[in-house]
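Student: So that we are looking at the same thing, I have put the structure below in structure tokens.
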Amino acid sequence: MKNSRRGFLKFAGLSVAGVAGSTAVATRTRASEEHEPPATEGKRLALVVDLRKFTKDDALLDKITDACHRVHNVPDFADDPKNEVKWIWTEDFEAAFHSQEFHYLREDLKSKPTLLLCNHCDNPPCTRVCPTQATWKRASDGVVMMDWHRCIGCRYCIVACPYGSRSFNWKDPRKAPNLAEITSTYPTRMRGVVEKCTFCDERLARGEQPACVEVCDNDEMVFGDLNDPDSKVRRLLAEHMTIRRKPGLGTQPEVYYIVEDPRTLQEFAPAAEVFGEEGGHA
Amino acid sequence: MYDTGKIVAGLAVFVVLATSPLWYNALSAAPPDAPELPKPANGSTECVEATEFMRTNHMNLLDQWRDTVVRDDVRTYTSKLSGKTYTMSLTDTCLGCHTKKDQFCDACHTYAAVDPYCWGCHVIPEEAQ
Amino acid sequence: MLEKALSGSRAYWSWIFVLLMIIGGGVACWFWQFSEGLTITGLSRDVVWGLYIAQFTFLVGVAASAVMVVLPYYLHDYKAFAKMTILGEFLAIPAVIMCMLFIFVDMGMPNRILNVFLYPTLHSMMFWDTVALGGYLVLNIVISHFTLSSERRDEPPPRWLKPIILLSIPWAVSIHTVTAFLYAGLGGRPFWLTAILAPRFLASAFAAGPAILILLAFFVRRVSTFDPGKQAIDTLAKIVTYAMTINVFFVLMELFTALYSGIPEHVAHFQFLFMGLDGENTLAPWMWASSILAIVSLIVLINPKTRGNYTWLRFGCVAVVLSLWIDKGLGMVIAGFVPNPFGKVVHYWPTAPEFMISIAIYAIGALILTGLYKIALEVRGQLKKA
């Protein structure tokens with residue numbers, strides 16, 4: 001009896017494994033019948049943030065972050081920084097570019113508010129490490145997308161992101177006080193998935209600008225297609241000195257920051273001597 | 001066979017336990033009638049697809065919509081029934097007509113004892129709350 | 001053979017009972033974590049991997065270390081290890097299972113774990129780590145089952161098993177290399193961005209794993225008539241010594257590169273670990289303890305007199321395991337996140353539920369190890385009557 005009992009158990013175990021395996025294969029072949037992405041001309045979407053136009057305590061900063069967080073139902077765990085979720089936020093210039101260590105920079109420039117968000121890199125480390133392709137770079141326009149139905153919450157993308165752009169839902173976002181009443185029909189996310197800015201992909205599909213850009217009426221933030229040589233972003237990048245965060249890592253971030261150029265010093269320090277300039281700014 | 005008595009007795013207990021849902025239901029009172037689903041408040045008489053198709057396939061259709069919208073950035077769906085195009089959205093399109101989620105969606109889900117977690121994330125529009 | 005784990009002395013069953021109690025407590029904590037979310041841990045937006053992933057990293061090393069007995073015996077016919085290989089494999093199996101459990105409890109959406117297999121992603125190291133660990137578990141189960149059942153029937157193992165055993169040798173190296181690859185390819189985490197990470201992982205694995213094996217062998221010697229033999233213990237002790245020496249050397253190499261170059265984003269993490277940074281020095285006493293234990297273990301192990309004295313050897317092995325556990329299971333993962341990408345220092349310390357779940361997983365590993373060792377000893381008819 002002993003030998004055939006072992007044989008029976010082995011047979012039962014292998015049968016279960018076989019059924020499970022074949023189910024997985026069947027699901028996989030079904031899943032691979034995915035739709036071809038729409039054949040659009042490849043865009044390269046980018047954002048230019050004009051740091052010259054922001055000052056400390058600028059009301060616009062809150063308008064920008066609120067516009068994004070409100071339309072996307074981003075939870076605000078105000079008293080609970082451990083669980084913080086943010087898609088776009090402000091850091092001091094010195095902190096945003098901390099490796100530069102601006103020792104002798106004027107205080108107000110050191111603390112110049114710098115808007116930070118996902119850089120939608122051309123060469124994103126986050127999409128490289130995701131084990132389920134829950135995050136990927138869209139070929140059609142370069143947006144680094146999120147699929148919250150597929151995310152397993154391993155947080156590897158957060159580990160890989162050099163910019164701290166991503167947040168994890170440590171708890172149910174609907175428990176946040178600001179989401180007691182939900183005003184936007186954009187889905188909330190659930191506890192256990194990673195989230196970040198998606199360049200307002202739902203608004204892009206309607207031909208609209210990202211929510212943060214829309215509240216800017218003086219080109220404080222400019223959004224557009226780098227593959228279009230006539231776009232505003234291309235002109236800005238041609239004519240202004242811009243920096244990107246941690247460029248040496250090869251991630252090719254697509255969020256650019258216009259930093260002070262000599263002509264604009266007139267705004268902040270009119271008495272300063274500027275050589276060979278007509279004054280004013282482009 | 002060794003221990004025949006114990007094995008047969010154990011098997012009998014197992015069979016009784018494993019088939020308990022069947023004989024429990026058979027012996028209970030008659031189940032309630034299938035729920036009557038309300039018609040859309042906006043008077044629309046045509047759904048995205050035929051009623052019978054939706055009854056059996058709405059879950060698969062929603063999964064297909066989910067992947068097409070999120071992963072392929074394609075947001076319009078052409079109905080096989082009418083050829084009309086619809087925006088693929090649970091909150092906007094489906095609940096745009098079937099506004100009373102508790103009477104429409106939950107009625108059958110509760111009856112069938114299924115608990116889809118779509119609503120943990122997808123927002124129920126104001127009218128339905 | 002499995003039924004041999006289901007009979008035992010009072011001491012055996014008391015031990016099993018204690019483990020089951022611990023496991024029960026941990027499972028309850030995990031259900032709480034599953035419903036509330038990982039907010040009940042000490043993790044935060046900046047330190048997203050902590051105790052769970054650190055334990056996974058340490059245990060992958062322990063799992064890989066079975067190769068240190070398999071390689072000499074099967075590849076080089078080192079007969080002294082003949083009786084040890086099953087103990088090594090029966091240590092690797094619970095170690096791999098614990099690795100998988102630590103990953104599972106760390107996931108935000110564990111019910112979606114099958115997505116890793118439904119949507120295989122060949123450019124993700126995490127996918128390959130899953131494949132490697134799963135394959136290694138299957139390999140070890142197959143190898144240990146067929147070698148032990150052949151031993152039971154007093155027969156040599158089947159011939160087709162040999163290539164599978166030989167496959168497990170590079171596979172063991174690969175599981176820990178791919179785990180190192182999780183960390184070592186991330187430009188945004190300069191503390192881990194070092195070519196020596198994988199070699200360091202392997203060196204520390206081949207020190208900690210055999211050290212645990214030696215301690216287990218001594219314990220088995222006490223409760224059974226099984227004696228691994230002086231040569232087996234002495235050779236294993238030499239392996240631990242060489243591996244630990246190489247590991248300490250690698251650590252010194254890392255310290256040199258960081259400190260001599262003076263590059264702030266490299267120095268900052270070491271400073272955080274050993275001196276504290278911006279007032280955050282929770283890990284400093286642990287790291288110094290780890291370093292002192294490492295030196296002490298080397299003094300004990302390098303000296304042939306103390307290495308050959310089994311009391312000193314036990315002490316040296318405990319020192320090795322503790323030192324390397326602190327290094328991998330506490331320091332390495334947390335320090336990758338502090339300072340964060342903005343240069344800010346953040347605090348992380350595991351919470352009580354986090355500890356409870358971790359201890360419970362170790363208890364599950366101990367339970368499996370106990371059962372497997374019991375089977376092996378019973379098969380050999382060597383269990384002492386209580």
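Labels for the structure tokens follow display order: chains A, B, ..., residues from 1 in each chain, ligands from 1.
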Please tabulate, as a tab-separated table, the residues of chain B that come within 12 Å of chain A, each with its closest pair of atoms and the distance in Å to one decimal, counting only C-alpha atoms and ordering rows by chain, then residue number upward.
Tutor:
```
residue	atom	partner	partner_atom	distance
B:Met1	CA	A:Met1	CA	8.1
B:Tyr2	CA	A:Met1	CA	8.9
B:Asn60	CA	A:Arg30	CA	11.7
B:Asp63	CA	A:His149	CA	9.9
B:Gln64	CA	A:Glu34	CA	8.9
B:Trp65	CA	A:His35	CA	10.6
B:Arg66	CA	A:His149	CA	8.5
B:Asp67	CA	A:Glu34	CA	8.0
B:Thr68	CA	A:His35	CA	6.7
B:Val69	CA	A:Glu202	CA	9.4
B:Val70	CA	A:Asp147	CA	6.4
B:Arg71	CA	A:Asp147	CA	7.1
B:Asp72	CA	A:Pro37	CA	4.8
B:Asp73	CA	A:Pro37	CA	7.1
B:Val74	CA	A:Pro38	CA	6.9
B:Arg75	CA	A:Ala205	CA	8.1
B:Thr76	CA	A:Ala205	CA	10.7
B:Thr87	CA	A:Arg206	CA	11.3
B:Met88	CA	A:Glu202	CA	12.0
B:Ser89	CA	A:Tyr186	CA	10.5
B:Leu90	CA	A:Pro187	CA	10.1
B:Thr91	CA	A:Thr185	CA	7.2
B:Asp92	CA	A:Thr185	CA	8.1
B:Thr93	CA	A:Thr185	CA	11.9
B:Leu95	CA	A:Thr185	CA	11.3
B:Gly96	CA	A:Thr185	CA	11.7
B:Tyr117	CA	A:Met190	CA	9.7
B:Cys118	CA	A:Pro187	CA	9.5
B:Trp119	CA	A:Pro187	CA	8.8
B:Gly120	CA	A:Met190	CA	6.6
B:Cys121	CA	A:Thr188	CA	4.6
B:His122	CA	A:Pro187	CA	4.4
B:Val123	CA	A:Pro187	CA	5.5
B:Ile124	CA	A:Thr185	CA	7.6
B:Pro125	CA	A:Thr185	CA	6.7
B:Glu126	CA	A:Thr183	CA	8.3
B:Glu127	CA	A:Thr185	CA	12.0
B:Gln129	CA	A:Glu181	CA	10.5
```
Student: Can those selected residues be exported to a file as a compact mmCIF listing (two decimals), in the first residue's frame so that it contains C-alpha atoms?
Tutor:
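Contents of the output file out.txt:
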```txt
# COMPACT_ATOMS: atom_id res chain seq x y z
CA MET B 1 -7.40 -1.97 2.72
CA TYR B 2 -6.29 -1.09 6.25
CA ASN B 60 -15.22 40.79 -20.11
CA ASP B 63 -11.86 44.26 -18.87
CA GLN B 64 -11.36 44.82 -22.59
CA TRP B 65 -12.25 48.50 -22.21
CA ARG B 66 -9.88 48.81 -19.27
CA ASP B 67 -6.90 47.49 -21.21
CA THR B 68 -7.74 49.36 -24.40
CA VAL B 69 -8.11 52.72 -22.67
CA VAL B 70 -5.25 52.48 -20.18
CA ARG B 71 -2.67 50.56 -22.19
CA ASP B 72 -3.48 51.50 -25.78
CA ASP B 73 -4.86 55.04 -25.29
CA VAL B 74 -7.85 54.18 -27.50
CA ARG B 75 -11.01 55.58 -25.97
CA THR B 76 -13.82 55.05 -28.50
CA THR B 87 -16.52 56.48 -24.98
CA MET B 88 -15.14 53.55 -23.04
CA SER B 89 -15.79 54.65 -19.47
CA LEU B 90 -17.46 52.85 -16.59
CA THR B 91 -18.24 56.03 -14.68
CA ASP B 92 -19.21 58.25 -17.61
CA THR B 93 -20.76 55.92 -20.18
CA LEU B 95 -23.28 55.00 -15.17
CA GLY B 96 -24.30 57.86 -17.45
CA TYR B 117 -13.85 45.89 -6.39
CA CYS B 118 -14.15 48.34 -9.28
CA TRP B 119 -15.86 50.85 -7.00
CA GLY B 120 -12.96 50.99 -4.62
CA CYS B 121 -11.31 53.22 -7.25
CA HIS B 122 -13.88 54.13 -9.92
CA VAL B 123 -15.99 57.01 -8.77
CA ILE B 124 -19.77 56.73 -8.52
CA PRO B 125 -21.18 59.90 -10.05
CA GLU B 126 -22.97 62.40 -7.79
CA GLU B 127 -26.50 61.46 -8.87
CA GLN B 129 -24.53 58.70 -4.38
```
Student: Among chain B, which ones does DSSP assign to alpha helix (DSSP H) (computed from the backbone)? Answer as a PyMOL selection string.
Tutor: chain B and resi 4-18+20-27+51-72+95-97+101-112
Student: I need the residue nearest Asp80 in chain A from this list: A:Ala176, A:Glu220, A:Phe199, A:Glu239. Use only C-alpha atoms for the distance.
Tutor: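 Looking at the shortest contact to Asp80 in chain A, the residue is A:Ala176.
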Student: Set the cut-off to 9 Å and count only C-alpha atoms: what are the residues of chain A that reach chain C? Output as a VMD selection string.
Tutor: chain A and resid 24 to 25 27 to 28 31 81 to 85 95 to 99 125 127 to 133 150 to 156 158 to 164 166 to 172 191 to 194 246 249 to 251
Student: Write out, as a compact mmCIF listing (two decimals), in the first residue's frame, the residues just selected, with C-alpha atoms.
Tutor:
```txt
# COMPACT_ATOMS: atom_id res chain seq x y z
CA ALA A 24 -1.95 30.03 -16.97
CA VAL A 25 -0.92 29.31 -20.54
CA THR A 27 -4.89 33.03 -19.92
CA ARG A 28 -1.57 34.17 -21.29
CA ALA A 31 -4.00 38.22 -22.75
CA PRO A 81 3.89 62.63 6.41
CA LYS A 82 4.75 58.94 6.43
CA ASN A 83 1.82 58.25 4.10
CA GLU A 84 2.36 61.29 1.88
CA VAL A 85 1.20 61.02 -1.73
CA ALA A 95 17.09 71.05 -2.50
CA ALA A 96 15.83 70.26 -5.98
CA PHE A 97 19.37 70.50 -7.32
CA HIS A 98 21.13 69.67 -4.08
CA SER A 99 24.25 68.08 -5.53
CA PRO A 125 14.83 53.45 -15.02
CA THR A 127 9.89 51.29 -16.53
CA ARG A 128 13.02 49.18 -16.92
CA VAL A 129 12.58 47.56 -13.53
CA CYS A 130 8.80 47.06 -13.36
CA PRO A 131 8.20 43.28 -13.32
CA THR A 132 4.68 43.45 -14.75
CA GLN A 133 4.83 46.40 -17.16
CA ARG A 150 -1.79 45.68 -12.99
CA CYS A 151 0.49 47.17 -10.36
CA ILE A 152 1.47 44.63 -7.70
CA GLY A 153 2.78 47.26 -5.32
CA CYS A 154 6.36 45.97 -5.18
CA ARG A 155 7.64 49.57 -5.22
CA TYR A 156 10.63 48.69 -7.34
CA ILE A 158 10.06 53.98 -6.58
CA VAL A 159 13.43 52.47 -5.71
CA ALA A 160 14.66 52.97 -9.27
CA CYS A 161 13.44 56.55 -9.72
CA PRO A 162 16.36 58.92 -9.06
CA TYR A 163 14.02 61.87 -8.53
CA GLY A 164 11.61 60.77 -5.83
CA ARG A 166 6.60 58.43 -7.24
CA SER A 167 4.36 57.78 -4.25
CA PHE A 168 2.96 54.59 -2.79
CA ASN A 169 -0.51 54.17 -1.30
CA TRP A 170 0.44 52.90 2.15
CA LYS A 171 -3.24 53.02 3.10
CA ASP A 172 -6.60 53.44 1.40
CA ARG A 191 -4.12 50.94 -1.11
CA GLY A 192 -1.13 49.03 -2.35
CA VAL A 193 -0.36 50.64 -5.73
CA VAL A 194 2.23 53.21 -6.80
CA LYS A 246 20.55 64.69 -12.39
CA LEU A 249 22.46 59.53 -14.97
CA GLY A 250 21.44 59.26 -18.61
CA THR A 251 17.74 59.18 -17.84
```
Student: Could you pull the residues within 7 Å of Thr90 in chain A, counting only C-alpha atoms, minus those fewer than 5 positions along the same chain, as an NGL selection string?
Tutor: :A and (113-116)
Student: I need the strand (DSSP E) residues of range 104-156 of chain A per DSSP on the backbone, written as a ChimeraX atom specification.
Tutor: /A:113-117,135-137,144-146
Student: Write the residues of the selection above to a file with N, CA and C atoms, as an mmCIF file, in the first residue's frame.
Tutor:
```
data_model
loop_
_atom_site.group_PDB
_atom_site.id
_atom_site.type_symbol
_atom_site.label_atom_id
_atom_site.label_comp_id
_atom_site.auth_asym_id
_atom_site.auth_seq_id
_atom_site.Cartn_x
_atom_site.Cartn_y
_atom_site.Cartn_z
ATOM 1 N N PRO A 113 11.136 78.714 -5.216
ATOM 2 C CA PRO A 113 10.281 77.521 -5.286
ATOM 3 C C PRO A 113 10.399 76.834 -6.647
ATOM 4 N N THR A 114 10.663 75.560 -6.602
ATOM 5 C CA THR A 114 10.893 74.773 -7.812
ATOM 6 C C THR A 114 9.871 73.654 -7.864
ATOM 7 N N LEU A 115 9.060 73.659 -8.917
ATOM 8 C CA LEU A 115 8.027 72.638 -9.033
ATOM 9 C C LEU A 115 8.638 71.330 -9.504
ATOM 10 N N LEU A 116 8.332 70.272 -8.777
ATOM 11 C CA LEU A 116 8.877 68.958 -9.113
ATOM 12 C C LEU A 116 7.746 67.991 -9.420
ATOM 13 N N LEU A 117 7.989 67.124 -10.382
ATOM 14 C CA LEU A 117 7.005 66.121 -10.760
ATOM 15 C C LEU A 117 7.737 65.027 -11.513
ATOM 16 N N THR A 135 4.007 49.963 -15.450
ATOM 17 C CA THR A 135 4.412 51.293 -15.878
ATOM 18 C C THR A 135 5.270 51.120 -17.122
ATOM 19 N N TRP A 136 5.047 51.992 -18.088
ATOM 20 C CA TRP A 136 5.757 51.855 -19.360
ATOM 21 C C TRP A 136 5.785 53.205 -20.038
ATOM 22 N N LYS A 137 6.677 53.351 -21.001
ATOM 23 C CA LYS A 137 6.767 54.619 -21.718
ATOM 24 C C LYS A 137 5.986 54.482 -23.009
ATOM 25 N N VAL A 144 5.207 58.556 -19.575
ATOM 26 C CA VAL A 144 5.451 57.358 -18.766
ATOM 27 C C VAL A 144 4.151 57.070 -18.026
ATOM 28 N N MET A 145 3.475 56.025 -18.440
ATOM 29 C CA MET A 145 2.117 55.745 -17.991
ATOM 30 C C MET A 145 2.074 54.822 -16.789
ATOM 31 N N MET A 146 0.899 54.794 -16.141
ATOM 32 C CA MET A 146 0.672 53.868 -15.037
ATOM 33 C C MET A 146 -0.582 53.056 -15.329
#
```
Student: Might you pull out every residue within 6 Å of range 66-71 of chain C, with only C-alpha atoms counted and same-chain residues fewer than 3 positions away left off, and present them as a PyMOL selection string?
Tutor: chain C and resi 74-75+85+88-89+169
Student: Please measure the separation of CA of Ser149 in chain C and CA of Val173 in chain C, giving the value in Å to one decimal.
Tutor: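 Value for the CA of Ser149 in chain C-CA of Val173 in chain C distance: 26.4 Å.
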Student: So which residues touch Ile16 in chain C within 12 Å, counting only C-alpha atoms, skipping near sequence neighbours fewer than 6 positions away, as a list of chain:residue names?
Tutor: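 Non-adjacent residues within range: C:Ala5, C:Leu6, C:Ser7, C:Gly8, C:Ser9, C:Arg10, C:Ile22, C:Ile23, C:Ala363, C:Ile364, C:Gly365, C:Ala366, C:Leu367, C:Ile368, C:Leu369, C:Thr370, C:Gly371, C:Lys374.
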Student: Between CA of Val318 in chain C and CA of Thr225 in chain C, what is the spacing in Å?
Tutor: 23.5 Å
Student: Name all residues at most 7 Å from range 40-53 of chain B (count only C-alpha atoms; drop same-chain ones fewer than 2 positions away) and give them as a ChimeraX atom specification.
Tutor: /B:38,55-57,79-81,97-99
Student: Leaving out Ala28 in chain C and any residue of its chain fewer than 6 positions from it, which residues lie within 10 Å of it when counting only C-alpha atoms, given as a list of chain:residue names?
Tutor: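 Result of the neighbour search: C:Phe34, C:Pro353, C:Met356, C:Ile357.
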Student: Could you please determine the separation between CA of Lys196 in chain A and CA of Thr65 in chain A in Å, to one decimal place?
Tutor: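 Interatomic distance, CA of Lys196 in chain A to CA of Thr65 in chain A: 12.9 Å.
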